[in-house]
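What's in upload13.cif: mmCIF, C-alpha atoms
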```cif
data_work
#
loop_
_atom_site.label_atom_id
_atom_site.label_comp_id
_atom_site.auth_asym_id
_atom_site.auth_seq_id
_atom_site.Cartn_x
_atom_site.Cartn_y
_atom_site.Cartn_z
CA MET A 1 0.00 0.00 0.00
CA LEU A 2 1.29 3.46 -0.88
CA GLN A 3 2.85 5.38 2.02
CA VAL A 4 0.42 8.27 1.51
CA PHE A 5 -2.46 6.00 2.49
CA THR A 6 -0.80 4.55 5.58
CA SER A 7 0.28 7.96 6.90
CA GLN A 8 -3.07 9.72 6.41
CA PRO A 9 -5.60 8.78 9.14
CA LEU A 10 -8.51 10.08 7.04
CA TYR A 11 -8.08 7.04 4.76
CA ALA A 12 -9.10 4.75 7.62
CA PRO A 13 -12.54 3.81 6.17
CA LEU A 14 -10.86 2.54 2.99
CA ARG A 15 -7.69 1.10 4.48
CA ALA A 16 -8.71 -2.57 4.32
CA LEU A 17 -9.40 -2.16 0.59
CA LEU A 18 -6.33 -0.02 -0.07
CA GLU A 19 -4.22 -2.84 1.33
CA LEU A 20 -5.25 -4.81 -1.77
CA LEU A 21 -3.49 -2.37 -4.10
CA PRO A 22 -0.93 -3.98 -6.41
CA ASP A 23 2.73 -3.73 -5.44
CA ASP A 24 3.41 -1.22 -8.21
CA GLY A 25 0.93 1.20 -6.63
CA GLY A 26 -1.25 1.28 -9.71
CA VAL A 27 -5.02 1.53 -9.83
CA PRO A 28 -6.75 -1.89 -9.99
CA GLY A 29 -8.98 -2.64 -12.94
CA VAL A 30 -12.72 -3.17 -12.90
CA GLU A 31 -12.36 -6.96 -12.72
CA SER A 32 -11.01 -6.91 -9.17
CA LEU A 33 -13.55 -4.27 -8.12
CA ASN A 34 -16.41 -6.32 -9.56
CA ALA A 35 -15.27 -9.40 -7.67
CA LEU A 36 -15.45 -7.41 -4.43
CA ALA A 37 -18.86 -5.95 -5.31
CA ALA A 38 -20.30 -9.37 -6.19
CA GLY A 39 -18.92 -10.90 -3.01
CA ARG A 40 -20.64 -8.22 -0.94
CA GLY A 41 -23.93 -8.35 -2.85
CA ILE A 42 -23.87 -4.63 -3.61
CA VAL A 43 -26.76 -3.19 -5.63
CA SER A 44 -27.65 0.18 -7.12
CA GLY A 45 -30.63 2.25 -6.09
CA SER A 46 -32.98 0.14 -8.20
CA GLY A 47 -31.70 -3.11 -6.70
CA ALA A 48 -29.71 -4.02 -9.82
CA PRO A 49 -26.46 -5.90 -9.08
CA LEU A 50 -23.68 -3.33 -9.20
CA ARG A 51 -20.91 -3.61 -11.78
CA PHE A 52 -18.03 -1.28 -12.53
CA VAL A 53 -17.58 -0.80 -16.26
CA VAL A 54 -15.14 1.00 -18.53
CA PRO A 55 -16.93 4.00 -20.16
CA HIS A 56 -18.17 3.20 -23.64
CA GLY A 57 -20.59 5.96 -24.58
CA SER A 58 -23.96 4.56 -23.58
CA GLY A 59 -25.59 7.98 -23.85
CA MET A 60 -26.97 7.65 -20.30
CA SER A 61 -26.00 9.81 -17.36
CA TYR A 62 -23.96 8.34 -14.53
CA GLU A 63 -26.92 8.19 -12.16
CA GLU A 64 -29.41 6.78 -14.68
CA ARG A 65 -26.96 4.17 -15.88
CA ALA A 66 -26.39 3.06 -12.30
CA TRP A 67 -30.15 2.94 -11.68
CA TRP A 68 -31.29 1.13 -14.83
CA LEU A 69 -28.29 -1.09 -15.56
CA GLY A 70 -26.41 -1.28 -12.27
CA GLU A 71 -23.34 -0.02 -14.12
CA VAL A 72 -20.91 2.50 -12.64
CA GLU A 73 -18.53 4.01 -15.17
CA THR A 74 -14.95 3.66 -13.94
CA ARG A 75 -12.12 5.02 -16.06
CA PRO A 76 -8.98 2.82 -16.15
CA GLY A 77 -6.08 4.16 -14.09
CA ASN A 78 -8.19 6.99 -12.69
CA TRP A 79 -7.88 7.55 -8.92
CA HIS A 80 -11.03 9.67 -8.72
CA ASP A 81 -13.16 6.87 -10.19
CA TYR A 82 -11.32 4.26 -8.15
CA PHE A 83 -12.19 6.04 -4.92
CA ASN A 84 -15.80 6.28 -6.09
CA ALA A 85 -15.77 2.50 -6.49
CA LEU A 86 -14.31 2.05 -3.02
CA ALA A 87 -17.03 4.31 -1.57
CA TRP A 88 -19.63 1.99 -3.15
CA LEU A 89 -17.90 -0.96 -1.49
CA VAL A 90 -17.67 0.65 1.97
CA PHE A 91 -20.92 2.66 2.02
CA PRO A 92 -23.22 0.71 -0.33
CA LEU A 93 -26.52 1.67 1.32
CA THR A 94 -25.77 5.38 1.30
CA LYS A 95 -24.53 5.34 -2.29
CA ALA A 96 -27.70 3.50 -3.33
CA ALA A 97 -29.87 6.00 -1.44
CA LEU A 98 -28.19 8.88 -3.27
CA ASN A 99 -28.80 7.06 -6.55
CA VAL A 100 -32.50 6.68 -5.68
CA ARG A 101 -32.95 10.38 -5.00
CA HIS A 102 -31.12 11.44 -8.17
CA HIS A 103 -33.29 9.09 -10.23
CA ARG A 104 -36.46 10.29 -8.50
CA VAL A 105 -35.73 13.94 -9.28
CA LEU A 106 -34.92 13.17 -12.91
CA ALA A 107 -38.09 11.09 -13.26
CA GLU A 108 -40.21 13.88 -11.75
CA GLN A 109 -38.70 16.42 -14.12
CA ARG A 110 -39.43 14.24 -17.14
CA SER A 111 -42.96 13.55 -15.94
CA ALA A 112 -43.60 17.28 -15.59
CA GLY A 113 -42.20 17.95 -19.05
CA ARG A 114 -39.32 20.02 -17.67
CA PRO A 115 -35.85 19.95 -19.26
CA VAL A 116 -33.55 17.42 -17.64
CA ASN A 117 -29.95 18.45 -17.01
CA VAL A 118 -28.15 15.21 -16.21
CA ALA A 119 -24.80 16.82 -15.47
CA GLY A 120 -23.20 20.17 -14.80
CA GLY A 121 -25.04 23.30 -13.72
CA GLY A 122 -28.78 23.70 -13.53
CA ARG A 123 -29.41 20.48 -11.66
CA GLY A 124 -31.38 22.21 -8.95
CA PRO A 125 -30.61 22.52 -5.22
CA LEU A 126 -31.45 18.90 -4.31
CA ARG A 127 -29.26 17.27 -6.93
CA ASP A 128 -26.52 19.82 -6.23
CA ALA A 129 -26.62 18.84 -2.55
CA LEU A 130 -26.56 15.12 -3.35
CA THR A 131 -23.62 15.61 -5.71
CA GLN A 132 -21.67 17.73 -3.24
CA PHE A 133 -22.00 15.13 -0.52
CA ASP A 134 -21.15 12.32 -2.92
CA GLU A 135 -17.97 14.15 -3.90
CA CYS A 136 -16.93 15.80 -0.62
CA GLY A 137 -19.12 14.43 2.17
CA VAL A 138 -17.79 13.90 5.69
CA ILE A 139 -19.47 12.33 8.72
CA VAL A 140 -18.56 13.77 12.13
CA ALA A 141 -19.41 11.20 14.79
CA SER A 142 -19.15 12.45 18.35
CA ALA A 143 -20.38 11.87 21.87
CA ASP A 144 -19.78 15.55 22.63
CA LEU A 145 -22.40 17.91 21.18
CA GLU A 146 -20.31 20.92 22.19
CA LEU A 147 -17.61 19.94 19.70
CA TRP A 148 -20.12 19.85 16.85
CA GLU A 149 -21.55 23.21 17.89
CA GLY A 150 -18.02 24.60 17.78
CA ILE A 151 -17.59 23.31 14.23
CA ARG A 152 -20.91 24.80 13.17
CA ALA A 153 -19.82 28.14 14.64
CA HIS A 154 -16.40 27.94 12.89
CA ARG A 155 -14.55 28.05 16.20
CA TRP A 156 -11.76 26.09 14.55
CA LYS A 157 -8.87 26.83 16.90
CA GLN A 158 -11.01 26.34 19.98
CA VAL A 159 -12.22 22.94 18.80
CA PHE A 160 -9.11 21.51 17.15
CA TRP A 161 -6.50 23.04 19.44
CA ASP A 162 -7.93 24.18 22.78
CA GLN A 163 -10.26 21.16 22.96
CA ARG A 164 -7.89 18.76 21.23
CA PRO A 165 -7.97 16.17 24.05
CA GLN A 166 -11.78 16.06 23.87
CA VAL A 167 -11.65 15.75 20.08
CA LEU A 168 -9.23 12.84 20.27
CA GLN A 169 -11.35 11.12 22.90
CA SER A 170 -14.90 11.88 21.83
CA MET A 171 -14.96 12.66 18.10
CA GLN A 172 -14.19 10.68 14.96
CA VAL A 173 -14.32 11.91 11.36
CA PHE A 174 -15.16 9.62 8.45
CA VAL A 175 -14.63 10.81 4.89
CA PHE A 176 -17.34 9.68 2.48
CA GLY A 177 -16.72 11.77 -0.64
CA HIS A 178 -14.56 10.16 -3.30
CA ALA A 179 -13.26 13.51 -4.60
CA SER A 180 -11.98 14.30 -1.10
CA TYR A 181 -10.17 10.96 -0.98
CA ASP A 182 -8.56 11.76 -4.32
CA LEU A 183 -7.48 15.23 -3.20
CA LEU A 184 -6.02 13.85 0.03
CA ARG A 185 -3.31 12.15 -2.04
CA ASN A 186 -1.85 15.65 -2.54
CA PRO A 187 -3.84 17.87 -0.17
CA HIS A 188 -3.97 21.60 -0.81
CA LEU A 189 -4.49 24.48 1.56
CA GLY A 190 -8.16 24.94 2.26
CA LEU A 191 -9.25 21.40 1.42
CA CYS A 192 -12.79 21.36 2.79
CA GLY A 193 -15.45 18.68 3.29
CA LYS A 194 -19.24 18.94 3.50
CA ALA A 195 -19.99 17.68 7.00
CA ILE A 196 -23.00 16.16 8.69
CA PHE A 197 -23.26 15.05 12.30
CA LEU A 198 -23.94 11.69 13.89
CA HIS A 199 -24.49 11.69 17.65
CA VAL A 200 -22.99 8.57 19.22
CA ASP A 201 -21.81 7.47 22.65
CA ASP A 202 -18.44 6.37 24.03
CA VAL A 203 -19.33 2.70 23.61
CA TRP A 204 -19.95 3.28 19.89
CA LEU A 205 -16.61 5.06 19.50
CA ALA A 206 -14.81 2.01 20.88
CA ARG A 207 -16.49 -0.49 18.54
CA PRO A 208 -14.44 -2.16 15.76
CA LEU A 209 -14.03 0.03 12.69
CA ALA A 210 -16.01 -2.33 10.46
CA ASP A 211 -18.98 -2.13 12.83
CA ARG A 212 -18.82 1.66 12.97
CA LEU A 213 -18.70 1.93 9.18
CA LYS A 214 -21.68 -0.39 8.79
CA ASP A 215 -23.67 1.64 11.30
CA ILE A 216 -22.75 4.93 9.64
CA ASP A 217 -23.82 3.54 6.27
CA ALA A 218 -27.23 2.51 7.64
CA HIS A 219 -27.78 5.88 9.36
CA MET A 220 -26.78 7.93 6.34
CA ALA A 221 -28.88 5.83 3.97
CA ARG A 222 -31.96 6.50 6.11
CA ARG A 223 -31.24 10.22 6.19
CA PHE A 224 -30.81 10.47 2.44
CA SER A 225 -33.61 8.11 1.49
CA GLY A 226 -36.34 10.72 1.37
CA GLY A 227 -38.90 7.90 1.48
CA PRO A 228 -41.20 6.46 4.17
CA GLY A 229 -39.31 6.26 7.43
CA GLY A 230 -36.45 8.36 6.07
CA LEU A 231 -35.65 11.87 7.14
CA GLY A 232 -35.32 13.06 3.56
CA ALA A 233 -32.79 15.59 4.80
CA TYR A 234 -30.06 17.52 3.01
CA SER A 235 -32.05 18.96 0.13
CA ARG A 236 -29.83 22.05 -0.29
CA PRO A 237 -26.03 22.47 -0.37
CA ARG A 238 -26.18 24.80 2.64
CA ASP A 239 -27.62 21.95 4.74
CA PHE A 240 -24.02 20.72 5.08
CA HIS A 241 -21.36 22.38 7.20
CA PRO A 242 -17.86 23.19 5.92
CA LEU A 243 -15.07 21.29 7.63
CA PRO A 244 -11.40 22.07 6.86
CA LEU A 245 -10.06 18.54 6.61
CA LEU A 246 -6.45 19.45 7.35
CA GLY A 247 -7.50 20.93 10.68
CA ILE A 248 -8.50 17.54 12.03
CA PRO A 249 -5.82 16.44 14.53
CA GLY A 250 -3.29 14.21 12.82
CA ALA A 251 -4.49 14.96 9.26
CA THR A 252 -1.23 16.83 8.62
CA PRO A 253 1.92 17.17 10.75
CA GLU A 254 1.62 20.95 10.52
CA ASN A 255 -1.51 21.06 12.69
CA ALA A 256 0.50 19.98 15.73
CA SER A 257 1.07 23.71 16.31
CA ALA A 258 -1.44 26.26 17.56
CA LEU A 259 -0.18 28.72 14.94
CA TYR A 260 -1.51 26.45 12.20
CA TYR A 261 -5.05 27.43 13.11
CA GLU A 262 -4.36 31.18 12.81
CA ASN A 263 -4.51 31.04 9.01
CA THR A 264 -7.92 32.50 8.17
CA ARG A 265 -7.54 31.56 4.49
CA GLN A 266 -8.03 27.98 5.60
CA PHE A 267 -9.92 28.43 8.87
CA ARG A 268 -12.45 31.05 7.93
CA PRO A 269 -14.60 32.68 10.58
CA LEU A 270 -18.36 32.27 10.36
CA ARG A 271 -19.87 34.82 8.05
CA VAL A 272 -22.65 36.74 9.77
CA VAL A 273 -25.68 37.32 7.57
CA GLY A 274 -25.90 41.00 6.74
CA ASP A 275 -22.15 41.64 6.89
#
```
Would you write the structure of this file as structure tokens?
Amino acid sequence: MLQVFTSQPLYAPLRALLELLPDDGGVPGVESLNALAAGRGIVSGSGAPLRFVVPHGSGMSYEERAWWLGEVETRPGNWHDYFNALAWLVFPLTKAALNVRHHRVLAEQRSAGRPVNVAGGGRGPLRDALTQFDECGVIVASADLELWEGIRAHRWKQVFWDQRPQVLQSMQVFVFGHASYDLLRNPHLGLCGKAIFLHVDDVWLARPLADRLKDIDAHMARRFSGGPGGLGAYSRPRDFHPLPLLGIPGATPENASALYYENTRQFRPLRVVGD
């Protein structure tokens, strides 16, 4: 496994799969990914067995192709697409729930005779929110509500430095977004995730990683489902909270200093409405 993955704690959710990387550090092909997906019984939002395929111009959007055919386009040698595949393997219920909501919006637009924009701008606030979380989503799991309130208020130095012992004891951060995983290979100043909160207890925080990931997947799938019994939350991009990923203790050696958190380009104060 490449040293960048072993040294970066934010890769923890994917580490068991990253250990399967070939010795040359290259990106595995779809055959190995499909074997893992089949072994785990992973399905798309429609319940179709999931398969990773090399793009071949089907004319369908990513989301509709996943829904109707169970096919996820995965470009050879592409880290961004590879991390997307790994997210399907680790968080299959949440990825399927996102697929359901994308398909539902597209179907409603077609039924109403409205133009359908399958990619790029003009997708509307719901699909924009779903896409942002899919690309950059982060789950903050904590037994300490005060820490989450500090994040929401952008009290970055207070949370990540002054309250560092509490963070290390009572908070865990799980990256979901595949674009964030890709960017963490060569992180840049200001790398930011779209965070949502999961309230847990100390017993949960001590559970094996595989159990925590499975529980997170089930919780997030219910929140994003939008159907009976689901919260149907996160319908606008602003429903997520920005989280500077390199401020998380241990995410970079530089944040072992209090001065690191003085950089307001990266740790921006909360903007007050009306300013």
>> Here is a test: counting only C-alpha atoms, which residue of A:Ala35, A:Leu191, A:Leu184, A:Val27 is nearest to Pro9 of chain A?
In response: A:Leu184
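In this comparison, which uses only C-alpha atoms, the residue of A:Ala97, A:Cys192, A:Leu183, A:Val203 approaching Gln8 of chain A most closely is A:Leu183.
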>> Just the number, please: distance in Å from atom CA of Leu243 of chain A to atom CA of Gly193 of chain A, one decimal.
In response: 5.1 Å
> Selected by the PyMOL selection byres ((chain A and resi 60-65) around 12) in the shown coordinates: which residues, as a PyMOL selection string?
Replying inline: chain A and resi 44-46+48+50-53+55-59+66-74+81+84+95-107+116-120+127+130-131+134
Output C-alpha atoms of each residue in that selection to a file, as an mmCIF file, keeping the file's coordinate frame.
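The result, written out as part.cif:
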```
data_model
loop_
_atom_site.group_PDB
_atom_site.id
_atom_site.type_symbol
_atom_site.label_atom_id
_atom_site.label_comp_id
_atom_site.auth_asym_id
_atom_site.auth_seq_id
_atom_site.Cartn_x
_atom_site.Cartn_y
_atom_site.Cartn_z
ATOM 1 C CA SER A 44 -27.650 0.180 -7.120
ATOM 2 C CA GLY A 45 -30.630 2.250 -6.090
ATOM 3 C CA SER A 46 -32.980 0.140 -8.200
ATOM 4 C CA ALA A 48 -29.710 -4.020 -9.820
ATOM 5 C CA LEU A 50 -23.680 -3.330 -9.200
ATOM 6 C CA ARG A 51 -20.910 -3.610 -11.780
ATOM 7 C CA PHE A 52 -18.030 -1.280 -12.530
ATOM 8 C CA VAL A 53 -17.580 -0.800 -16.260
ATOM 9 C CA PRO A 55 -16.930 4.000 -20.160
ATOM 10 C CA HIS A 56 -18.170 3.200 -23.640
ATOM 11 C CA GLY A 57 -20.590 5.960 -24.580
ATOM 12 C CA SER A 58 -23.960 4.560 -23.580
ATOM 13 C CA GLY A 59 -25.590 7.980 -23.850
ATOM 14 C CA ALA A 66 -26.390 3.060 -12.300
ATOM 15 C CA TRP A 67 -30.150 2.940 -11.680
ATOM 16 C CA TRP A 68 -31.290 1.130 -14.830
ATOM 17 C CA LEU A 69 -28.290 -1.090 -15.560
ATOM 18 C CA GLY A 70 -26.410 -1.280 -12.270
ATOM 19 C CA GLU A 71 -23.340 -0.020 -14.120
ATOM 20 C CA VAL A 72 -20.910 2.500 -12.640
ATOM 21 C CA GLU A 73 -18.530 4.010 -15.170
ATOM 22 C CA THR A 74 -14.950 3.660 -13.940
ATOM 23 C CA ASP A 81 -13.160 6.870 -10.190
ATOM 24 C CA ASN A 84 -15.800 6.280 -6.090
ATOM 25 C CA LYS A 95 -24.530 5.340 -2.290
ATOM 26 C CA ALA A 96 -27.700 3.500 -3.330
ATOM 27 C CA ALA A 97 -29.870 6.000 -1.440
ATOM 28 C CA LEU A 98 -28.190 8.880 -3.270
ATOM 29 C CA ASN A 99 -28.800 7.060 -6.550
ATOM 30 C CA VAL A 100 -32.500 6.680 -5.680
ATOM 31 C CA ARG A 101 -32.950 10.380 -5.000
ATOM 32 C CA HIS A 102 -31.120 11.440 -8.170
ATOM 33 C CA HIS A 103 -33.290 9.090 -10.230
ATOM 34 C CA ARG A 104 -36.460 10.290 -8.500
ATOM 35 C CA VAL A 105 -35.730 13.940 -9.280
ATOM 36 C CA LEU A 106 -34.920 13.170 -12.910
ATOM 37 C CA ALA A 107 -38.090 11.090 -13.260
ATOM 38 C CA VAL A 116 -33.550 17.420 -17.640
ATOM 39 C CA ASN A 117 -29.950 18.450 -17.010
ATOM 40 C CA VAL A 118 -28.150 15.210 -16.210
ATOM 41 C CA ALA A 119 -24.800 16.820 -15.470
ATOM 42 C CA GLY A 120 -23.200 20.170 -14.800
ATOM 43 C CA ARG A 127 -29.260 17.270 -6.930
ATOM 44 C CA LEU A 130 -26.560 15.120 -3.350
ATOM 45 C CA THR A 131 -23.620 15.610 -5.710
ATOM 46 C CA ASP A 134 -21.150 12.320 -2.920
#
```
> Of the candidates A:Leu86, A:Met220, A:Leu36, A:Leu10, which one gets nearest to Gln172 of chain A if we count all atoms listed in the file?
Replying inline: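 Closest to Gln172 of chain A, using all atoms listed in the file: A:Leu10.
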>> I'd like the interatomic distance between atom CA of Ala38 of chain A and atom CA of Arg223 of chain A, to a tenth of an Å.
In response: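 Distance between the two atoms: 25.6 Å.
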